[in-house]
file my_file-v9.cif (mmCIF, C-alpha atoms)
data_upload
loop_
_atom_site.label_atom_id
_atom_site.label_comp_id
_atom_site.auth_asym_id
_atom_site.auth_seq_id
_atom_site.Cartn_x
_atom_site.Cartn_y
_atom_site.Cartn_z
CA MET G 1169 -43.13 -63.44 92.15
CA PRO G 1170 -43.29 -59.61 91.76
CA ASP G 1171 -45.31 -58.07 94.59
CA SER G 1172 -46.13 -54.74 92.91
CA ILE G 1173 -47.01 -53.21 89.58
CA SER G 1174 -43.62 -51.49 89.65
CA ASP G 1175 -41.83 -54.81 89.96
CA LYS G 1176 -43.85 -56.27 87.08
CA THR G 1177 -42.90 -53.28 84.92
CA GLU G 1178 -39.23 -53.72 85.75
CA ASP G 1179 -39.38 -57.37 84.74
CA ASN G 1180 -41.08 -56.62 81.42
CA PRO G 1181 -38.60 -57.57 78.63
CA ARG G 1182 -39.80 -54.72 76.44
CA MET G 1183 -38.93 -52.24 79.20
CA GLN G 1184 -35.32 -53.35 79.06
CA GLU G 1185 -35.31 -53.09 75.27
CA VAL G 1186 -36.72 -49.55 75.39
CA ARG G 1187 -34.16 -48.48 77.97
CA SER G 1188 -31.37 -49.91 75.86
CA GLU G 1189 -32.66 -47.95 72.87
CA ILE G 1190 -32.78 -44.79 74.99
CA ASP G 1191 -29.19 -45.32 76.14
CA GLU G 1192 -28.07 -45.85 72.55
CA THR G 1193 -29.99 -42.77 71.40
CA ASP G 1194 -28.42 -40.70 74.18
CA GLN G 1195 -24.97 -41.67 72.95
CA GLN G 1196 -25.91 -40.66 69.41
CA ILE G 1197 -27.26 -37.32 70.66
CA LEU G 1198 -24.04 -36.77 72.61
CA GLN G 1199 -21.93 -37.44 69.51
CA LEU G 1200 -24.03 -35.01 67.49
CA LEU G 1201 -23.80 -32.36 70.20
CA ASN G 1202 -20.03 -32.69 70.23
CA HIS G 1203 -19.93 -32.52 66.44
CA ARG G 1204 -22.03 -29.34 66.58
CA ALA G 1205 -19.69 -27.95 69.23
CA SER G 1206 -16.68 -28.61 67.01
CA LEU G 1207 -18.37 -26.69 64.20
CA SER G 1208 -19.00 -23.80 66.60
CA LEU G 1209 -15.31 -23.83 67.52
CA GLU G 1210 -14.45 -23.66 63.82
CA VAL G 1211 -16.74 -20.64 63.45
CA GLY G 1212 -14.87 -19.06 66.34
CA LYS G 1213 -11.50 -19.69 64.65
CA LEU G 1214 -12.75 -18.14 61.42
CA LYS G 1215 -13.77 -15.04 63.38
CA ARG G 1216 -10.52 -14.87 65.33
CA GLY G 1217 -8.95 -11.45 65.19
CA LYS G 1218 -12.32 -9.79 64.65
CA GLN G 1219 -13.60 -8.07 67.76
CA ASP G 1220 -17.08 -9.22 66.86
CA VAL G 1221 -20.00 -9.82 69.19
CA ILE G 1222 -20.51 -13.58 69.51
CA PHE G 1223 -24.24 -13.26 70.16
CA LYS G 1224 -26.03 -13.51 66.80
CA PRO G 1225 -29.77 -13.13 67.41
CA PHE G 1226 -30.66 -13.26 63.72
CA ARG G 1227 -28.82 -16.54 63.19
CA GLU G 1228 -30.32 -18.06 66.34
CA LYS G 1229 -33.80 -17.02 65.26
CA GLU G 1230 -33.19 -18.59 61.83
CA VAL G 1231 -32.09 -21.88 63.41
CA LEU G 1232 -35.13 -21.97 65.69
CA GLU G 1233 -37.48 -21.21 62.80
CA ASN G 1234 -35.96 -24.06 60.74
CA LEU G 1235 -36.42 -26.40 63.70
CA ARG G 1236 -40.01 -25.27 64.20
CA ARG G 1237 -40.84 -26.03 60.57
CA GLY G 1238 -39.11 -29.40 60.72
CA ASN G 1239 -40.50 -30.55 64.06
CA SER G 1240 -42.98 -33.40 63.58
CA GLY G 1241 -43.33 -34.20 67.30
CA PRO G 1242 -44.12 -35.68 69.70
CA ILE G 1243 -41.81 -33.24 71.51
CA PRO G 1244 -43.50 -29.80 71.73
CA PHE G 1245 -41.58 -27.03 70.03
CA GLU G 1246 -41.44 -25.01 73.26
CA HIS G 1247 -39.29 -27.86 74.66
CA VAL G 1248 -37.11 -27.81 71.54
CA ASN G 1249 -36.76 -24.06 71.96
CA ALA G 1250 -35.65 -24.40 75.60
CA ILE G 1251 -33.10 -27.09 74.70
CA TYR G 1252 -31.62 -25.02 71.89
CA ARG G 1253 -31.36 -21.90 74.02
CA GLU G 1254 -28.85 -23.85 76.11
CA ILE G 1255 -27.13 -25.27 73.01
CA PHE G 1256 -26.70 -21.72 71.69
CA SER G 1257 -25.38 -20.62 75.08
CA SER G 1258 -22.82 -23.43 75.14
CA SER G 1259 -21.77 -22.73 71.56
CA ARG G 1260 -21.17 -19.06 72.30
CA ALA G 1261 -19.17 -19.91 75.40
CA LEU G 1262 -16.97 -22.29 73.40
CA GLN G 1263 -16.19 -19.55 70.90
CA ARG G 1264 -15.44 -17.00 73.60
CA PRO G 1265 -16.46 -16.78 77.27
CA GLN G 1266 -19.29 -14.28 77.67
CA ARG G 1267 -19.91 -11.80 80.44
CA VAL G 1268 -23.37 -10.31 80.75
CA ALA G 1269 -24.22 -7.36 83.01
CA TYR G 1270 -27.62 -7.08 84.65
CA LEU G 1271 -29.36 -5.17 87.41
CA GLY G 1272 -28.51 -7.23 90.48
CA PRO G 1273 -28.25 -8.85 92.85
CA GLU G 1274 -28.77 -12.41 91.64
CA GLY G 1275 -32.45 -13.25 91.58
CA THR G 1276 -33.91 -10.09 90.05
CA PHE G 1277 -36.28 -10.38 87.12
CA SER G 1278 -33.48 -9.05 84.90
CA TYR G 1279 -31.32 -11.96 86.01
CA PHE G 1280 -33.96 -14.58 85.26
CA ALA G 1281 -34.77 -12.93 81.91
CA GLY G 1282 -31.10 -13.17 80.94
CA VAL G 1283 -30.84 -16.82 81.99
CA GLU G 1284 -34.00 -17.78 80.10
CA PHE G 1285 -32.93 -15.99 76.91
CA LEU G 1286 -29.11 -16.27 76.87
CA GLY G 1287 -28.77 -19.57 78.69
CA LYS G 1288 -26.69 -20.73 81.63
CA SER G 1289 -23.28 -21.03 79.94
CA VAL G 1290 -22.73 -17.34 80.60
CA GLU G 1291 -21.05 -15.42 83.40
CA TYR G 1292 -23.68 -13.06 84.76
CA LEU G 1293 -22.25 -10.04 86.56
CA PRO G 1294 -24.68 -8.17 88.83
CA GLN G 1295 -24.56 -4.38 88.83
CA LYS G 1296 -25.87 -2.08 91.54
CA ASN G 1297 -27.90 0.09 89.18
CA LEU G 1298 -28.80 0.53 85.50
CA HIS G 1299 -26.08 3.13 84.98
CA GLU G 1300 -23.51 0.50 85.95
CA VAL G 1301 -25.03 -1.99 83.51
CA PHE G 1302 -24.54 0.48 80.64
CA ARG G 1303 -21.07 1.41 81.89
CA ALA G 1304 -19.96 -2.24 82.10
CA VAL G 1305 -20.94 -2.86 78.47
CA HIS G 1306 -19.55 0.45 77.20
CA SER G 1307 -16.17 -0.21 78.89
CA ARG G 1308 -16.11 -3.76 77.44
CA GLU G 1309 -16.03 -5.23 80.92
CA CYS G 1310 -19.08 -7.15 79.71
CA GLU G 1311 -19.99 -8.14 76.17
CA LEU G 1312 -23.73 -7.76 76.69
CA GLY G 1313 -26.20 -6.23 79.13
CA VAL G 1314 -29.81 -7.03 80.05
CA ILE G 1315 -32.02 -4.03 80.81
CA PRO G 1316 -35.76 -3.56 81.36
CA LEU G 1317 -37.18 -1.09 78.86
CA GLU G 1318 -40.90 -0.99 79.55
CA ASN G 1319 -43.69 -2.71 81.46
CA SER G 1320 -47.15 -3.41 80.10
CA LEU G 1321 -48.77 -1.91 83.22
CA GLU G 1322 -46.30 0.68 84.49
CA GLY G 1323 -45.01 2.01 81.15
CA SER G 1324 -41.43 2.80 80.13
CA VAL G 1325 -38.41 2.57 82.39
CA GLY G 1326 -37.33 6.18 82.00
CA GLN G 1327 -33.81 5.65 83.33
CA SER G 1328 -33.09 3.01 80.67
CA LEU G 1329 -34.19 5.37 77.91
CA ASP G 1330 -32.15 8.23 79.35
CA LEU G 1331 -28.98 6.14 79.56
CA PHE G 1332 -28.98 5.63 75.78
CA LEU G 1333 -28.24 9.36 75.64
CA ASP G 1334 -25.15 8.90 77.83
CA PHE G 1335 -23.71 5.73 76.27
CA GLU G 1336 -23.32 4.85 72.61
CA LEU G 1337 -24.66 1.31 72.87
CA TYR G 1338 -26.99 -0.66 70.63
CA ILE G 1339 -29.99 -2.93 71.04
CA GLN G 1340 -29.11 -6.46 69.91
CA ALA G 1341 -32.35 -8.23 70.72
CA GLU G 1342 -35.57 -7.95 72.70
CA LEU G 1343 -37.64 -10.35 74.77
CA PHE G 1344 -40.96 -10.09 76.56
CA CYS G 1345 -41.15 -11.72 79.98
CA ARG G 1346 -44.27 -12.39 82.00
CA ILE G 1347 -43.83 -10.98 85.49
CA SER G 1348 -45.48 -12.93 88.30
CA HIS G 1349 -44.85 -12.08 91.94
CA SER G 1350 -44.65 -14.33 94.98
CA LEU G 1351 -44.59 -13.68 98.72
CA LEU G 1352 -41.34 -15.07 100.17
CA THR G 1353 -40.53 -15.54 103.83
CA ARG G 1354 -39.15 -17.83 106.54
CA GLU G 1355 -42.47 -17.70 108.38
CA SER G 1356 -45.16 -20.36 108.03
CA SER G 1357 -48.31 -18.24 108.10
CA LEU G 1358 -49.60 -14.92 106.83
CA ALA G 1359 -50.57 -14.15 110.41
CA ASP G 1360 -46.87 -14.00 111.28
CA ILE G 1361 -46.03 -11.35 108.67
CA THR G 1362 -45.59 -7.81 110.02
CA THR G 1363 -43.35 -6.24 107.34
CA VAL G 1364 -43.21 -6.61 103.55
CA TYR G 1365 -40.18 -5.51 101.51
CA SER G 1366 -39.80 -5.10 97.76
CA HIS G 1367 -38.97 -2.73 94.93
CA PRO G 1368 -41.59 0.05 94.58
CA GLN G 1369 -42.93 -1.31 91.26
CA PRO G 1370 -43.84 -4.80 92.60
CA LEU G 1371 -45.29 -3.21 95.74
CA GLY G 1372 -47.59 -1.16 93.52
CA GLN G 1373 -48.38 -4.10 91.26
CA CYS G 1374 -49.41 -6.22 94.28
CA GLY G 1375 -51.24 -3.50 96.21
CA SER G 1376 -54.69 -5.10 96.02
CA TRP G 1377 -53.48 -8.44 97.36
CA LEU G 1378 -51.53 -6.77 100.15
CA ARG G 1379 -54.55 -4.73 101.25
CA ALA G 1380 -56.77 -7.82 101.26
CA ASN G 1381 -54.36 -10.26 102.94
CA LEU G 1382 -51.87 -8.17 104.94
CA PRO G 1383 -53.72 -4.92 105.71
CA ASN G 1384 -51.70 -4.24 108.89
CA ALA G 1385 -48.24 -5.07 107.55
CA GLN G 1386 -45.68 -2.30 107.17
CA ILE G 1387 -44.71 -1.83 103.50
CA VAL G 1388 -41.03 -0.95 102.98
CA PRO G 1389 -39.50 -0.16 99.54
CA THR G 1390 -36.06 -1.58 98.67
CA GLU G 1391 -33.65 -1.18 95.74
CA SER G 1392 -34.59 -4.53 94.16
CA THR G 1393 -36.72 -7.63 94.69
CA ALA G 1394 -33.62 -9.77 95.22
CA ALA G 1395 -32.27 -7.40 97.87
CA ALA G 1396 -35.65 -7.58 99.62
CA ALA G 1397 -35.57 -11.38 99.64
CA ARG G 1398 -32.07 -11.41 101.11
CA ARG G 1399 -33.19 -9.00 103.81
CA VAL G 1400 -36.01 -11.21 105.08
CA ARG G 1401 -33.77 -14.24 105.61
CA ASP G 1402 -32.70 -12.94 109.02
CA GLU G 1403 -35.67 -10.81 110.08
CA LYS G 1404 -38.51 -12.25 112.07
CA GLY G 1405 -41.98 -11.47 110.75
CA ALA G 1406 -40.63 -10.20 107.42
CA ALA G 1407 -41.64 -11.14 103.87
CA ALA G 1408 -40.52 -10.06 100.42
CA ILE G 1409 -42.28 -9.79 97.09
CA GLY G 1410 -40.23 -11.12 94.18
CA HIS G 1411 -39.61 -13.93 91.75
CA GLY G 1412 -40.65 -17.30 93.15
CA LYS G 1413 -37.33 -18.89 92.21
CA LEU G 1414 -35.70 -16.73 94.86
CA ALA G 1415 -37.13 -19.23 97.33
CA ASP G 1416 -34.89 -21.91 95.85
CA LEU G 1417 -31.86 -19.60 95.80
CA LEU G 1418 -32.24 -18.36 99.38
CA ASP G 1419 -34.02 -21.27 101.10
CA LEU G 1420 -37.22 -19.32 101.70
CA LYS G 1421 -40.84 -20.40 101.71
CA VAL G 1422 -43.43 -19.26 99.17
CA LEU G 1423 -46.58 -18.30 101.05
CA ALA G 1424 -48.44 -17.09 97.96
CA ARG G 1425 -47.91 -17.01 94.20
CA GLY G 1426 -49.40 -14.87 91.46
CA ILE G 1427 -50.25 -12.03 93.85
CA GLU G 1428 -50.02 -9.24 91.25
CA ASN G 1429 -53.14 -7.11 90.73
CA MET G 1430 -53.37 -8.02 87.05
CA PRO G 1431 -52.12 -11.39 85.74
CA ASP G 1432 -51.29 -10.09 82.25
CA ASN G 1433 -48.13 -8.32 83.42
CA TRP G 1434 -45.22 -8.30 80.96
CA THR G 1435 -41.88 -6.52 80.87
CA ARG G 1436 -39.95 -5.86 77.69
CA PHE G 1437 -36.23 -6.42 78.17
CA VAL G 1438 -33.54 -5.61 75.62
CA ILE G 1439 -30.06 -7.03 75.19
CA ILE G 1440 -27.54 -4.23 74.64
CA GLY G 1441 -24.06 -4.44 73.12
CA PRO G 1442 -21.21 -2.18 72.01
CA LYS G 1443 -21.89 -2.58 68.27
CA PRO G 1444 -24.95 -2.89 66.03
CA SER G 1445 -25.93 -6.51 65.39
CA ASP G 1446 -25.58 -7.91 61.89
CA GLY G 1447 -27.53 -10.42 59.84
CA GLU G 1448 -30.81 -10.61 57.99
CA GLY G 1449 -34.24 -10.90 59.51
CA ARG G 1450 -34.52 -7.60 61.31
CA ASP G 1451 -38.14 -6.97 62.23
CA LYS G 1452 -37.87 -3.76 64.26
CA THR G 1453 -35.75 -0.65 64.51
CA SER G 1454 -35.39 1.63 67.52
CA LEU G 1455 -34.15 5.17 67.11
CA LEU G 1456 -33.96 8.42 69.01
CA PHE G 1457 -34.05 11.95 67.66
CA SER G 1458 -34.25 15.56 68.78
CA LEU G 1459 -36.07 18.32 66.93
CA PRO G 1460 -35.59 22.01 66.24
CA ASP G 1461 -37.73 24.25 68.46
CA LYS G 1462 -40.32 25.32 65.91
CA PRO G 1463 -43.99 24.58 65.16
CA GLY G 1464 -44.72 21.39 63.24
CA SER G 1465 -41.28 19.81 63.66
CA LEU G 1466 -42.65 16.55 65.12
CA VAL G 1467 -45.49 16.43 62.60
CA SER G 1468 -43.02 16.63 59.72
CA VAL G 1469 -41.11 13.60 61.01
CA LEU G 1470 -44.30 11.59 61.54
CA GLN G 1471 -45.52 12.47 58.05
CA VAL G 1472 -42.30 11.17 56.49
CA MET G 1473 -42.78 7.87 58.28
CA ALA G 1474 -46.48 7.70 57.40
CA VAL G 1475 -45.83 8.29 53.69
CA GLU G 1476 -43.28 5.45 53.75
CA GLY G 1477 -45.90 3.18 55.39
CA LEU G 1478 -43.88 2.57 58.55
CA ASN G 1479 -45.86 1.11 61.44
CA MET G 1480 -44.80 2.94 64.59
CA LYS G 1481 -45.04 0.74 67.71
CA LYS G 1482 -43.76 3.25 70.25
CA LEU G 1483 -43.29 7.00 70.48
CA GLU G 1484 -42.15 8.58 73.73
CA SER G 1485 -40.52 11.85 74.68
CA ARG G 1486 -37.99 12.35 77.47
CA PRO G 1487 -36.62 15.64 78.84
CA MET G 1488 -33.25 16.54 77.36
CA ARG G 1489 -31.01 16.97 80.37
CA GLY G 1490 -29.26 20.30 80.55
CA GLU G 1491 -31.75 22.01 78.23
CA LYS G 1492 -34.99 23.19 79.81
CA TRP G 1493 -38.20 22.38 77.95
CA ARG G 1494 -36.36 20.47 75.22
CA TYR G 1495 -37.11 16.83 74.53
CA VAL G 1496 -35.66 13.78 72.83
CA PHE G 1497 -37.98 11.24 71.17
CA PHE G 1498 -37.70 7.45 71.24
CA VAL G 1499 -39.39 5.52 68.45
CA ASP G 1500 -39.87 1.85 67.55
CA VAL G 1501 -40.93 0.96 63.99
CA GLU G 1502 -41.70 -2.40 62.43
CA SER G 1503 -39.07 -2.20 59.71
CA ASP G 1504 -35.35 -2.60 59.18
CA LEU G 1505 -34.32 1.00 58.66
CA THR G 1506 -30.70 -0.08 58.13
CA GLY G 1507 -31.60 -1.58 54.75
CA GLU G 1508 -30.46 0.12 51.55
CA GLN G 1509 -34.06 0.83 50.56
CA TYR G 1510 -34.36 3.22 53.49
CA GLU G 1511 -31.25 5.31 52.87
CA ALA G 1512 -33.27 8.10 51.24
CA LEU G 1513 -35.81 7.97 54.05
CA LEU G 1514 -33.13 8.36 56.73
CA LYS G 1515 -31.59 11.24 54.82
CA GLU G 1516 -34.98 12.96 54.71
CA LEU G 1517 -35.57 12.31 58.41
CA ARG G 1518 -32.18 13.77 59.31
CA GLY G 1519 -33.12 16.87 57.37
CA HIS G 1520 -36.08 17.39 59.72
CA CYS G 1521 -34.25 16.45 62.94
CA GLN G 1522 -31.65 18.26 64.97
CA SER G 1523 -30.06 14.87 65.66
CA LEU G 1524 -31.00 11.28 64.82
CA ARG G 1525 -29.44 8.02 65.99
CA ILE G 1526 -30.39 4.42 65.26
CA LEU G 1527 -30.27 2.40 68.47
CA GLY G 1528 -30.48 -0.92 66.67
CA SER G 1529 -32.37 -3.17 64.29
CA TYR G 1530 -33.24 -6.60 65.67
CA PRO G 1531 -35.66 -9.54 65.44
CA ALA G 1532 -39.05 -9.28 67.11
CA GLY G 1533 -38.61 -10.86 70.51
CA PRO G 1534 -40.16 -14.01 71.94
CA TYR G 1535 -42.65 -14.06 74.80
CA ILE G 1536 -41.16 -15.99 77.71
CA ASP G 1537 -42.98 -16.94 80.89
CA VAL G 1538 -40.34 -16.55 83.60
CA SER G 1539 -42.89 -16.86 86.38
CA ALA G 1540 -41.74 -19.11 89.17
CA ARG G 1541 -41.50 -22.87 88.86
CA VAL G 1542 -40.53 -23.33 92.48
CA ASP G 1543 -39.79 -26.57 94.26
CA GLU G 1544 -42.90 -27.98 95.93
CA LYS G 1545 -40.99 -28.22 99.21
CA ASN G 1546 -40.90 -24.42 99.33
CA LEU G 1547 -44.56 -23.88 98.42
CA GLN G 1548 -46.92 -23.36 101.36
CA SER G 1549 -50.71 -23.38 101.28
CA VAL G 1550 -52.20 -19.92 101.55
CA PRO G 1551 -55.76 -18.62 101.88
CA LYS G 1552 -57.49 -16.72 99.17
CA ALA G 1553 -58.06 -13.02 99.64
CA GLY G 1554 -60.41 -12.36 102.53
CA GLU G 1555 -60.16 -15.87 104.04
CA ALA G 1556 -58.74 -16.55 107.48
CA LYS G 1557 -55.97 -19.07 107.89
#
call {"tool": "encode", "arguments": {"input": "my_file-v9.cif", "output": "structure tokens"}}
result
Amino acid sequence: MPDSISDKTEDNPRMQEVRSEIDETDQQILQLLNHRASLSLEVGKLKRGKQDVIFKPFREKEVLENLRRGNSGPIPFEHVNAIYREIFSSSRALQRPQRVAYLGPEGTFSYFAGVEFLGKSVEYLPQKNLHEVFRAVHSRECELGVIPLENSLEGSVGQSLDLFLDFELYIQAELFCRISHSLLTRESSLADITTVYSHPQPLGQCGSWLRANLPNAQIVPTESTAAAARRVRDEKGAAAIGHGKLADLLDLKVLARGIENMPDNWTRFVIIGPKPSDGEGRDKTSLLFSLPDKPGSLVSVLQVMAVEGLNMKKLESRPMRGEKWRYVFFVDVESDLTGEQYEALLKELRGHCQSLRILGSYPAGPYIDVSARVDEKNLQSVPKAGEAK
């Protein structure tokens, strides 16, 4: 006689029937996945000879939108979305292996943003700085690059904007990632922490928590969150601030999660490539322009856009290197300025600008929570601010 509820469940005839149906369904899903893969390979053959970018954000967005409309549940669409991100990743890899450059080392927020958006069937190549990310894509060493463009709390990443002036690359897609910081260490208690390492931005974003919980710890800036986490593996009394999943990668403990000053902390990343993306469904256009040095030059450009009814989402100036007191302007608008209906508008804008360049038209990006889902074995209990442990 079964001696537990578990045993009774195992002996239930319906349980065996359900499991058989699941096994049969899994085989059907596998057949369909392989059929889809064969169609992707055919697409790749039809493109052969064309040095085209395999990543098609407009097509992927269209597929996801069709799935969202057709999803009747019970599976939540966010699960469908996650599954299909990996299906897209596999399909692209079957057509042609992909290399993606990012600001390394492995474990930075750029790395996790790339994995969440482009999937795991990609070869991610870490670069030592943002200049190397742009260089790797421009030289065709990598097909795509992942770069942070702006943060909801700290503002734009100036170096990323400046590098568009040095490299003729294009924005293929955008994504918005929630940034949540964790305290990573080999120690077991906050009382054992004497030094905290991280990139300057996370150190600033977690300043309130650090003052409340580790007021006597030495704060040391590093080149990246991942580099900080690697540093603390072999240093007694050290901790790092970074992505919680670094604990899984580096066998560290998580003493605290969500330690940022403000929880609504998002970074906008963009995927860059050597050519403009193609396809319908562009929601936004990014461009940069410089102006003649005369009164009203910026106003004239803004008036042209206002008359056309363009909704400007971003306007920022950056110093033009090599020319004192001259500036280049970066603009995001909620329109596809590459469409035929805007040819006259672009011509008029160029008449007011010293130079004008479209950085890309692309779909509006998804919001992805890449905050840590760490293994429970790595998560330690930690006091709230002001409490003693």
call {"tool": "closest_atom_pairs", "arguments": {"input": "my_file-v9.cif", "of": "region 1415-1504 of chain G", "to": "region 1219-1239 of chain G", "cutoff": "12 Å", "atoms": "all atoms listed in the file", "output": "Markdown table"}}
result
| residue | atom | partner | partner_atom | distance |
| --- | --- | --- | --- | --- |
| G:Val1438 | CA | G:Pro1225 | CA | 11.8 |
| G:Ile1439 | CA | G:Pro1225 | CA | 9.9 |
| G:Ile1440 | CA | G:Phe1223 | CA | 10.6 |
| G:Gly1441 | CA | G:Val1221 | CA | 7.8 |
| G:Pro1442 | CA | G:Val1221 | CA | 8.2 |
| G:Lys1443 | CA | G:Val1221 | CA | 7.5 |
| G:Pro1444 | CA | G:Val1221 | CA | 9.1 |
| G:Ser1445 | CA | G:Lys1224 | CA | 7.1 |
| G:Asp1446 | CA | G:Lys1224 | CA | 7.5 |
| G:Gly1447 | CA | G:Phe1226 | CA | 5.7 |
| G:Glu1448 | CA | G:Phe1226 | CA | 6.3 |
| G:Gly1449 | CA | G:Phe1226 | CA | 6.0 |
| G:Arg1450 | CA | G:Phe1226 | CA | 7.3 |
| G:Asp1451 | CA | G:Phe1226 | CA | 9.9 |
| G:Lys1452 | CA | G:Phe1226 | CA | 11.9 |
call {"tool": "write_last_selection", "arguments": {"input": "my_file-v9.cif", "atoms": "C-alpha atoms", "output": "PDB file, keeping the file's coordinate frame"}}
result
ATOM      1  CA  VAL G1438     -33.540  -5.610  75.620  1.00  0.00           C
ATOM      2  CA  ILE G1439     -30.060  -7.030  75.190  1.00  0.00           C
ATOM      3  CA  ILE G1440     -27.540  -4.230  74.640  1.00  0.00           C
ATOM      4  CA  GLY G1441     -24.060  -4.440  73.120  1.00  0.00           C
ATOM      5  CA  PRO G1442     -21.210  -2.180  72.010  1.00  0.00           C
ATOM      6  CA  LYS G1443     -21.890  -2.580  68.270  1.00  0.00           C
ATOM      7  CA  PRO G1444     -24.950  -2.890  66.030  1.00  0.00           C
ATOM      8  CA  SER G1445     -25.930  -6.510  65.390  1.00  0.00           C
ATOM      9  CA  ASP G1446     -25.580  -7.910  61.890  1.00  0.00           C
ATOM     10  CA  GLY G1447     -27.530 -10.420  59.840  1.00  0.00           C
ATOM     11  CA  GLU G1448     -30.810 -10.610  57.990  1.00  0.00           C
ATOM     12  CA  GLY G1449     -34.240 -10.900  59.510  1.00  0.00           C
ATOM     13  CA  ARG G1450     -34.520  -7.600  61.310  1.00  0.00           C
ATOM     14  CA  ASP G1451     -38.140  -6.970  62.230  1.00  0.00           C
ATOM     15  CA  LYS G1452     -37.870  -3.760  64.260  1.00  0.00           C
TER      16      LYS G1452
END
call {"tool": "residues_around", "arguments": {"input": "my_file-v9.cif", "residues": "region 1466-1470 of chain G", "least_positions_apart": "2", "cutoff": "7 Å", "atoms": "all atoms listed in the file", "output": "ChimeraX atom specification"}}
result
/G:1464,1472-1474,1517,1520
call {"tool": "residues_around", "arguments": {"input": "my_file-v9.cif", "residues": "Asp1461 (chain G)", "least_positions_apart": "2", "cutoff": "12 Å", "atoms": "only C-alpha atoms", "output": "PyMOL selection string"}}
result
chain G and resi 1458-1459+1463-1466+1491-1496+1520-1522
call {"tool": "resolve_selection", "arguments": {"input": "my_file-v9.cif", "expression": "the PyMOL selection byres ((chain G and resi 1486) around 8)", "output": "list of chain:residue names"}}
result
G:Gly1326, G:Leu1329, G:Asp1330, G:Glu1484, G:Ser1485, G:Pro1487, G:Met1488, G:Tyr1495, G:Val1496, G:Phe1497, G:Phe1498
call {"tool": "resolve_selection", "arguments": {"input": "my_file-v9.cif", "expression": "the PyMOL selection byres ((chain G and resi 1288-1295) around 10)", "output": "number ranges by chain"}}
result
G: 1253-1262, 1265-1276, 1278-1279, 1282-1287, 1296-1304, 1309-1310, 1312-1314
call {"tool": "atom_distance", "arguments": {"input": "my_file-v9.cif", "atom1": "CA of Ala1408 (chain G)", "atom2": "CA of Gly1375 (chain G)"}}
result
13.3 Å
call {"tool": "residues_around", "arguments": {"input": "my_file-v9.cif", "residues": "Leu1418 (chain G)", "least_positions_apart": "5", "cutoff": "9 Å", "atoms": "only C-alpha atoms", "output": "list in words"}}
result
Ala1397, Arg1398, Arg1401 and Lys1413 of chain G
call {"tool": "closest_residue", "arguments": {"input": "my_file-v9.cif", "among": "G:Ala1406, G:Ala1380, G:Leu1317, G:Leu1358", "to": "Ala1341 (chain G)", "atoms": "only C-alpha atoms"}}
result
G:Leu1317
call {"tool": "atom_distance", "arguments": {"input": "my_file-v9.cif", "atom1": "CA of Lys1482 (chain G)", "atom2": "CA of Thr1393 (chain G)"}}
result
27.7 Å
call {"tool": "resolve_selection", "arguments": {"input": "my_file-v9.cif", "expression": "the PyMOL selection byres ((chain G and resi 1456) around 9)", "output": "list in words"}}
result
Phe1332, Leu1333, Ser1454, Leu1455, Phe1457, Ser1458, Val1496, Phe1497, Phe1498, Val1499, Asp1500, Ser1523, Leu1524, Arg1525, Ile1526 and Leu1527 of chain G
call {"tool": "write_last_selection", "arguments": {"input": "my_file-v9.cif", "atoms": "C-alpha atoms", "output": "tab-separated table (two decimals), in the frame of the given file"}}
result
chain	number	residue	atom	x	y	z
G	1332	PHE	CA	-28.98	5.63	75.78
G	1333	LEU	CA	-28.24	9.36	75.64
G	1454	SER	CA	-35.39	1.63	67.52
G	1455	LEU	CA	-34.15	5.17	67.11
G	1457	PHE	CA	-34.05	11.95	67.66
G	1458	SER	CA	-34.25	15.56	68.78
G	1496	VAL	CA	-35.66	13.78	72.83
G	1497	PHE	CA	-37.98	11.24	71.17
G	1498	PHE	CA	-37.70	7.45	71.24
G	1499	VAL	CA	-39.39	5.52	68.45
G	1500	ASP	CA	-39.87	1.85	67.55
G	1523	SER	CA	-30.06	14.87	65.66
G	1524	LEU	CA	-31.00	11.28	64.82
G	1525	ARG	CA	-29.44	8.02	65.99
G	1526	ILE	CA	-30.39	4.42	65.26
G	1527	LEU	CA	-30.27	2.40	68.47
call {"tool": "decode", "arguments": {"input": "my_file-v9.cif", "residues": "region 1416-1420 of chain G", "atoms": "N, CA, C and O atoms", "output": "compact mmCIF listing (two decimals), in the first residue's frame"}}
result
# COMPACT_ATOMS: atom_id res chain seq x y z
N ASP G 1416 26.31 33.07 -9.78
CA ASP G 1416 26.29 31.74 -10.38
C ASP G 1416 27.53 31.51 -11.24
O ASP G 1416 28.10 30.41 -11.24
N LEU G 1417 27.95 32.55 -11.98
CA LEU G 1417 29.09 32.40 -12.88
C LEU G 1417 30.40 32.20 -12.12
O LEU G 1417 31.27 31.45 -12.56
N LEU G 1418 30.53 32.88 -10.97
CA LEU G 1418 31.82 32.93 -10.28
C LEU G 1418 31.81 32.25 -8.92
O LEU G 1418 32.78 32.35 -8.17
N ASP G 1419 30.72 31.56 -8.61
CA ASP G 1419 30.60 30.84 -7.33
C ASP G 1419 30.77 31.79 -6.15
O ASP G 1419 31.55 31.54 -5.23
N LEU G 1420 30.02 32.88 -6.18
CA LEU G 1420 30.01 33.85 -5.09
C LEU G 1420 28.68 33.79 -4.34
O LEU G 1420 27.71 33.20 -4.83
